[in-house]
Structures are given as C-alpha cells and as structure tokens.
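This report refers to the structure that appears directly beneath it.
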Amino acid sequence: MKNEQIDQEVFNTLKKLIRKRFLYKIEQFVQYAVNHLPYTEPTVRSSIYRLIENNVIVPSSCLTRADILKNTTRNAIYQFIYHHPGSILKEVKIQFNLGNHETRWHITMLEQFGFIRSRKIQHFVALFPIELESSYEEVLFLLNKESVQKIIKLLEQRVEMSQTELKKALNLHHSTIQYYLRPLLATQLIFSHHSGRVTKYSLNHEKLGEIKEVIRRLQQKKESN
C-alpha cells in the first residue's frame, strides 16, 4: 500500500482525536492510531512523522493544517504577507488593528503549519511566504520599506543621483539616506561610482527586473493554488 493512502487513513483517524480539542503528544497520536487502524506501530509512527514533516498536523495543537485558514483574520494576515513579503510584526498589527498577543498567535499558527516563515533582519522579525526562495528575503524586506521604494522610484526616473540630491528630493536626514543606501548596495539593487569628489548612485535595472519576476512568479503560484 502506498504511503499516501496510509497517511490519509492515519490523518482521518487522528482528526477524530484532534477534534476533542485537547493537546496531544506524538506518542498519544501513535497509540490512538494503532488502536484504530490495521497497521503496525512502526508503520503508523512513520506515517505520523510524514504528516508532521508536511505540516499537516502539529503535536500539542488542537488544529490541523486545513483548519488554519478558516479563521478570517488569520487568512487575511496570510494574504497580506503573501502580497507584502518582508512585512514585520508591527505592520501586521497595525494593518489589522490587533494586540501584540493576538498578532503573535496568528503568526505562530501560520508558521507552525508551514504557511509562512520568519527571519530576523536588522533587529526586525520579517515575514515571508513559505514558497519564497530564501535568497530573496533580505532584498524583499528592503523593498517593503516606504523610503526604499521612494529611492528606487527616483533612481528609475534619473540616471544617477548623489546622497545630497536624494536628501533634498526625499526631505530625509543625511544619516537616514545612508542607512538605506548601505543595504541597497549590499543586495546589489543599486550601484555606486565616483564622479570627482562626489559618489553617485544608480539603479541596477537587471537586479530589480529579477526581483519583479520573482514576485510575479510568487503571485502566479498563489493564484494557481
């Protein structure tokens, strides 16, 4: 018998246990399934580990993966993160007018069941769809920032600009401009070169195009699911 069929039978059996709304450990899952199915303990245990690995069930949770997005607020948070990869906890909290505890609870559920993942970047906890390639996390975190978006837009309109020109155009402090230029250079979203004594910055159109294509593929994958 194929693993997929065994896993489905084990899952259907465990759902009866999970629906009782108690928090169960793996050994309790194993014992319950063995008592209700015609499979050996090693077969049941292997099936349960596959279900856990695929985030279908989570030990010590009274929910299954199919339950997670039934919550309207949690579903909306998931959609928001999918369309705004690199958002931080505070942005989610403000967007949905939630308290700290409720925000973290929804994020924890989405992360535990494999819908999203989090990563600490620049002292912030950034949130990403699980399908996103991890190599693009830092650059998408940057592009989610309003000031970065303004810098990119200016550099799209002009061939190159100095820090002073960016400061005047955006009405930002010199140190703030530097704060955003450093990671933009590090992620190769922009180039820099010296023009006399002045450092000029220009947009890496190839890199930006690559990022836009990543986002397009991500949205396309979301729509096809």
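As shown in the structure tokens, the chain order sets the letters A, B, ...; within each chain, residues go from 1, and ligands are also counted from 1 in the order they appear.
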Please tabulate, as a tab-separated table, the residues of stretch 46-150 of chain A that come within 12 Å of stretch 161-174 of chain A, each with its closest pair of atoms and the distance in Å to one decimal, counting only C-alpha atoms and ordering rows by chain, then residue number upward.
residue	atom	partner	partner_atom	distance
A:Glu146	CA	A:Leu170	CA	11.1
A:Ser147	CA	A:Leu170	CA	8.2
A:Val148	CA	A:Leu170	CA	10.5
A:Gln149	CA	A:Leu170	CA	11.0
A:Lys150	CA	A:Leu170	CA	7.5
Take the selection from the previous step and output its residues with C-alpha atoms, as an mmCIF file, in the first residue's frame.
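Generated file (selection13.cif):
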data_model
loop_
_atom_site.group_PDB
_atom_site.id
_atom_site.type_symbol
_atom_site.label_atom_id
_atom_site.label_comp_id
_atom_site.auth_asym_id
_atom_site.auth_seq_id
_atom_site.Cartn_x
_atom_site.Cartn_y
_atom_site.Cartn_z
ATOM 1 C CA GLU A 146 8.461 53.169 2.048
ATOM 2 C CA SER A 147 11.710 55.160 1.987
ATOM 3 C CA VAL A 148 13.428 52.468 -0.097
ATOM 4 C CA GLN A 149 10.527 52.489 -2.532
ATOM 5 C CA LYS A 150 10.934 56.265 -2.909
#
Using DSSP on the backbone coordinates, identify the residues of chain A assigned to helix (DSSP H, G or I); present them as an mmCIF file with C-alpha atoms, in the first residue's frame.
data_model
loop_
_atom_site.group_PDB
_atom_site.id
_atom_site.type_symbol
_atom_site.label_atom_id
_atom_site.label_comp_id
_atom_site.auth_asym_id
_atom_site.auth_seq_id
_atom_site.Cartn_x
_atom_site.Cartn_y
_atom_site.Cartn_z
ATOM 1 C CA ASN A 3 2.383 5.866 1.820
ATOM 2 C CA GLU A 4 -0.126 8.444 0.564
ATOM 3 C CA GLN A 5 -3.040 6.118 1.271
ATOM 4 C CA ILE A 6 -1.736 5.133 4.695
ATOM 5 C CA ASP A 7 -1.106 8.788 5.573
ATOM 6 C CA GLN A 8 -4.648 9.716 4.574
ATOM 7 C CA GLU A 9 -6.133 6.955 6.732
ATOM 8 C CA VAL A 10 -3.935 7.886 9.681
ATOM 9 C CA PHE A 11 -4.819 11.561 9.293
ATOM 10 C CA ASN A 12 -8.562 10.854 9.086
ATOM 11 C CA THR A 13 -8.277 8.793 12.264
ATOM 12 C CA LEU A 14 -6.247 11.404 14.130
ATOM 13 C CA LYS A 15 -8.727 14.129 13.205
ATOM 14 C CA LYS A 16 -11.265 12.432 15.472
ATOM 15 C CA LEU A 17 -8.792 12.764 18.327
ATOM 16 C CA ILE A 18 -7.743 16.321 17.481
ATOM 17 C CA ILE A 26 3.301 12.234 19.346
ATOM 18 C CA GLU A 27 3.126 9.078 21.476
ATOM 19 C CA GLN A 28 -0.578 9.660 22.087
ATOM 20 C CA PHE A 29 -1.116 10.076 18.333
ATOM 21 C CA VAL A 30 0.727 6.815 17.686
ATOM 22 C CA GLN A 31 -1.175 4.826 20.308
ATOM 23 C CA TYR A 32 -4.564 6.120 19.186
ATOM 24 C CA ALA A 33 -3.914 5.332 15.511
ATOM 25 C CA VAL A 34 -2.538 1.848 16.293
ATOM 26 C CA ASN A 35 -5.672 1.069 18.301
ATOM 27 C CA HIS A 36 -7.972 2.136 15.466
ATOM 28 C CA GLU A 41 3.252 0.599 15.278
ATOM 29 C CA PRO A 42 6.327 1.358 13.064
ATOM 30 C CA THR A 43 4.086 1.955 10.030
ATOM 31 C CA VAL A 44 1.809 4.295 11.989
ATOM 32 C CA ARG A 45 4.768 6.133 13.539
ATOM 33 C CA SER A 46 6.393 6.672 10.122
ATOM 34 C CA SER A 47 3.100 7.990 8.750
ATOM 35 C CA ILE A 48 2.668 10.427 11.648
ATOM 36 C CA TYR A 49 6.210 11.750 11.202
ATOM 37 C CA ARG A 50 5.459 12.332 7.496
ATOM 38 C CA LEU A 51 2.284 14.222 8.419
ATOM 39 C CA ILE A 52 4.238 16.364 10.872
ATOM 40 C CA GLU A 53 7.056 16.970 8.368
ATOM 41 C CA ARG A 65 -3.437 22.435 8.597
ATOM 42 C CA ALA A 66 -6.871 22.510 6.962
ATOM 43 C CA ASP A 67 -8.215 24.491 9.951
ATOM 44 C CA ILE A 68 -5.649 27.283 9.921
ATOM 45 C CA THR A 72 -10.946 35.003 8.774
ATOM 46 C CA THR A 73 -8.343 37.223 10.437
ATOM 47 C CA ARG A 74 -5.572 34.645 10.065
ATOM 48 C CA ASN A 75 -6.444 34.120 6.416
ATOM 49 C CA ALA A 76 -6.312 37.891 5.833
ATOM 50 C CA ILE A 77 -2.907 38.084 7.550
ATOM 51 C CA TYR A 78 -1.638 35.270 5.324
ATOM 52 C CA GLN A 79 -2.865 37.076 2.193
ATOM 53 C CA PHE A 80 -1.240 40.304 3.400
ATOM 54 C CA ILE A 81 2.151 38.612 3.935
ATOM 55 C CA TYR A 82 1.878 36.921 0.545
ATOM 56 C CA HIS A 83 1.329 40.256 -1.185
ATOM 57 C CA LEU A 89 5.083 42.086 13.023
ATOM 58 C CA LYS A 90 4.327 45.725 13.793
ATOM 59 C CA GLU A 91 2.988 46.294 10.263
ATOM 60 C CA VAL A 92 0.679 43.285 10.584
ATOM 61 C CA LYS A 93 -0.506 44.516 13.982
ATOM 62 C CA ILE A 94 -1.330 47.990 12.617
ATOM 63 C CA GLN A 95 -2.862 46.705 9.382
ATOM 64 C CA PHE A 96 -5.381 44.536 11.236
ATOM 65 C CA ASN A 100 0.555 42.074 20.435
ATOM 66 C CA HIS A 101 -0.603 38.716 21.782
ATOM 67 C CA GLU A 102 -3.218 38.130 19.081
ATOM 68 C CA THR A 103 -0.789 39.132 16.317
ATOM 69 C CA ARG A 104 1.883 36.729 17.565
ATOM 70 C CA TRP A 105 -0.661 33.940 17.995
ATOM 71 C CA HIS A 106 -1.824 34.132 14.371
ATOM 72 C CA ILE A 107 1.758 34.378 13.096
ATOM 73 C CA THR A 108 2.790 31.389 15.213
ATOM 74 C CA MET A 109 -0.055 29.290 13.805
ATOM 75 C CA LEU A 110 0.794 30.245 10.220
ATOM 76 C CA GLU A 111 4.454 29.455 10.811
ATOM 77 C CA GLN A 112 3.924 26.185 12.683
ATOM 78 C CA SER A 134 15.239 32.340 0.945
ATOM 79 C CA SER A 135 17.935 34.124 -1.094
ATOM 80 C CA TYR A 136 15.434 36.919 -1.864
ATOM 81 C CA GLU A 137 14.331 37.566 1.710
ATOM 82 C CA GLU A 138 16.650 40.471 2.524
ATOM 83 C CA VAL A 139 16.039 42.366 -0.699
ATOM 84 C CA LEU A 140 12.248 41.991 -0.389
ATOM 85 C CA PHE A 141 12.447 43.155 3.208
ATOM 86 C CA LEU A 142 14.164 46.304 1.925
ATOM 87 C CA LEU A 143 11.715 46.857 -0.910
ATOM 88 C CA GLU A 146 8.461 53.169 2.048
ATOM 89 C CA SER A 147 11.710 55.160 1.987
ATOM 90 C CA VAL A 148 13.428 52.468 -0.097
ATOM 91 C CA GLN A 149 10.527 52.489 -2.532
ATOM 92 C CA LYS A 150 10.934 56.265 -2.909
ATOM 93 C CA ILE A 151 14.677 55.932 -3.517
ATOM 94 C CA ILE A 152 14.084 53.253 -6.151
ATOM 95 C CA LYS A 153 11.421 55.355 -7.850
ATOM 96 C CA LEU A 154 13.749 58.368 -8.017
ATOM 97 C CA LEU A 155 16.592 56.313 -9.456
ATOM 98 C CA GLU A 156 14.213 54.838 -12.029
ATOM 99 C CA GLN A 157 13.433 58.378 -13.179
ATOM 100 C CA GLN A 163 23.354 61.442 -1.445
ATOM 101 C CA THR A 164 22.770 65.185 -1.283
ATOM 102 C CA GLU A 165 20.377 65.054 -4.233
ATOM 103 C CA LEU A 166 18.489 62.147 -2.665
ATOM 104 C CA LYS A 167 18.377 64.001 0.671
ATOM 105 C CA LYS A 168 16.824 67.093 -0.907
ATOM 106 C CA ALA A 169 14.388 65.142 -3.102
ATOM 107 C CA LEU A 170 13.121 62.976 -0.245
ATOM 108 C CA HIS A 174 21.669 62.504 5.582
ATOM 109 C CA SER A 175 22.135 59.626 8.064
ATOM 110 C CA THR A 176 18.740 58.175 7.053
ATOM 111 C CA ILE A 177 19.759 58.162 3.389
ATOM 112 C CA GLN A 178 22.996 56.390 4.321
ATOM 113 C CA TYR A 179 21.046 53.878 6.436
ATOM 114 C CA TYR A 180 19.080 52.756 3.355
ATOM 115 C CA LEU A 181 21.860 53.060 0.773
ATOM 116 C CA ARG A 182 24.144 50.611 2.591
ATOM 117 C CA PRO A 183 21.816 47.575 2.350
ATOM 118 C CA LEU A 184 20.742 48.578 -1.156
ATOM 119 C CA LEU A 185 24.384 48.397 -2.196
ATOM 120 C CA ALA A 186 24.910 45.158 -0.279
ATOM 121 C CA HIS A 205 17.801 47.567 -13.537
ATOM 122 C CA GLU A 206 18.720 43.929 -14.146
ATOM 123 C CA LYS A 207 18.518 43.090 -10.443
ATOM 124 C CA LEU A 208 15.251 44.987 -9.999
ATOM 125 C CA GLY A 209 13.800 43.164 -13.001
ATOM 126 C CA GLU A 210 14.851 39.859 -11.451
ATOM 127 C CA ILE A 211 13.062 40.729 -8.207
ATOM 128 C CA LYS A 212 9.912 41.778 -10.049
ATOM 129 C CA GLU A 213 9.939 38.428 -11.853
ATOM 130 C CA VAL A 214 10.284 36.588 -8.517
ATOM 131 C CA ILE A 215 7.248 38.463 -7.178
ATOM 132 C CA ARG A 216 5.301 37.772 -10.378
ATOM 133 C CA ARG A 217 6.023 34.040 -10.150
ATOM 134 C CA LEU A 218 5.080 34.041 -6.483
ATOM 135 C CA GLN A 219 1.719 35.686 -7.199
ATOM 136 C CA GLN A 220 1.135 33.373 -10.125
ATOM 137 C CA LYS A 221 1.765 30.350 -7.941
ATOM 138 C CA LYS A 222 -0.636 31.717 -5.309
ATOM 139 C CA GLU A 223 -3.396 32.202 -7.884
ATOM 140 C CA SER A 224 -2.943 28.670 -9.277
#
Which of stretch 11-173 of chain A end up as strand (DSSP E or B) when DSSP is run on this backbone - answer as a tab-separated table (two decimals) with N, CA and C atoms, in the first residue's frame?
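Now in states.tsv:
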chain	number	residue	atom	x	y	z
A	57	ILE	N	-0.25	18.06	10.51
A	57	ILE	CA	-0.59	18.11	11.93
A	57	ILE	C	0.61	18.64	12.70
A	64	THR	N	-5.59	21.29	12.73
A	64	THR	CA	-4.90	20.66	11.61
A	64	THR	C	-4.61	21.75	10.59
A	87	SER	N	7.18	42.00	5.29
A	87	SER	CA	6.48	42.78	6.31
A	87	SER	C	6.95	42.35	7.69
A	88	ILE	N	6.85	43.26	8.65
A	88	ILE	CA	7.25	42.95	10.02
A	88	ILE	C	6.01	42.84	10.91
A	116	ILE	N	3.97	30.26	6.36
A	116	ILE	CA	4.93	31.36	6.28
A	116	ILE	C	6.19	30.97	7.06
A	117	ARG	N	7.22	31.79	6.96
A	117	ARG	CA	8.40	31.64	7.81
A	117	ARG	C	8.85	33.05	8.23
A	118	SER	N	9.62	33.11	9.28
A	118	SER	CA	10.10	34.41	9.77
A	118	SER	C	11.62	34.40	9.81
A	119	ARG	N	12.17	35.59	9.74
A	119	ARG	CA	13.63	35.75	9.80
A	119	ARG	C	13.94	37.10	10.42
A	120	LYS	N	14.93	37.12	11.32
A	120	LYS	CA	15.33	38.38	11.93
A	120	LYS	C	16.28	39.12	11.01
A	121	ILE	N	15.88	40.33	10.59
A	121	ILE	CA	16.70	41.18	9.72
A	121	ILE	C	16.73	42.59	10.32
A	124	PHE	N	14.53	43.38	13.21
A	124	PHE	CA	13.10	43.19	12.99
A	124	PHE	C	12.84	41.72	12.67
A	125	VAL	N	11.64	41.25	13.01
A	125	VAL	CA	11.21	39.91	12.59
A	125	VAL	C	10.41	40.08	11.30
A	126	ALA	N	11.01	39.69	10.18
A	126	ALA	CA	10.37	39.83	8.88
A	126	ALA	C	9.65	38.53	8.51
A	127	LEU	N	8.54	38.68	7.80
A	127	LEU	CA	7.67	37.55	7.48
A	127	LEU	C	7.60	37.31	5.98
A	128	PHE	N	7.65	36.03	5.59
A	128	PHE	CA	7.68	35.69	4.17
A	128	PHE	C	6.80	34.47	3.89
A	129	PRO	N	6.21	34.40	2.69
A	129	PRO	CA	5.50	33.17	2.30
A	129	PRO	C	6.49	32.01	2.25
A	161	MET	N	22.13	59.71	-8.98
A	161	MET	CA	21.94	60.78	-8.01
A	161	MET	C	22.97	60.64	-6.89
A	162	SER	N	23.32	61.77	-6.28
A	162	SER	CA	24.22	61.76	-5.13
A	162	SER	C	23.38	61.67	-3.84
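With distances restricted to only C-alpha atoms, A:Lys20 is the closest residue to A:Ser61 from A:Lys20, A:His123, A:His84, A:His193.
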Please, what distance in Å, to one decimal, runs between atom CA of A:Asn54 and atom CA of A:Ile130?
12.2 Å
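The interatomic distance for the pair atom CA of A:Tyr24 and atom CA of A:Leu98 works out to 28.7 Å.
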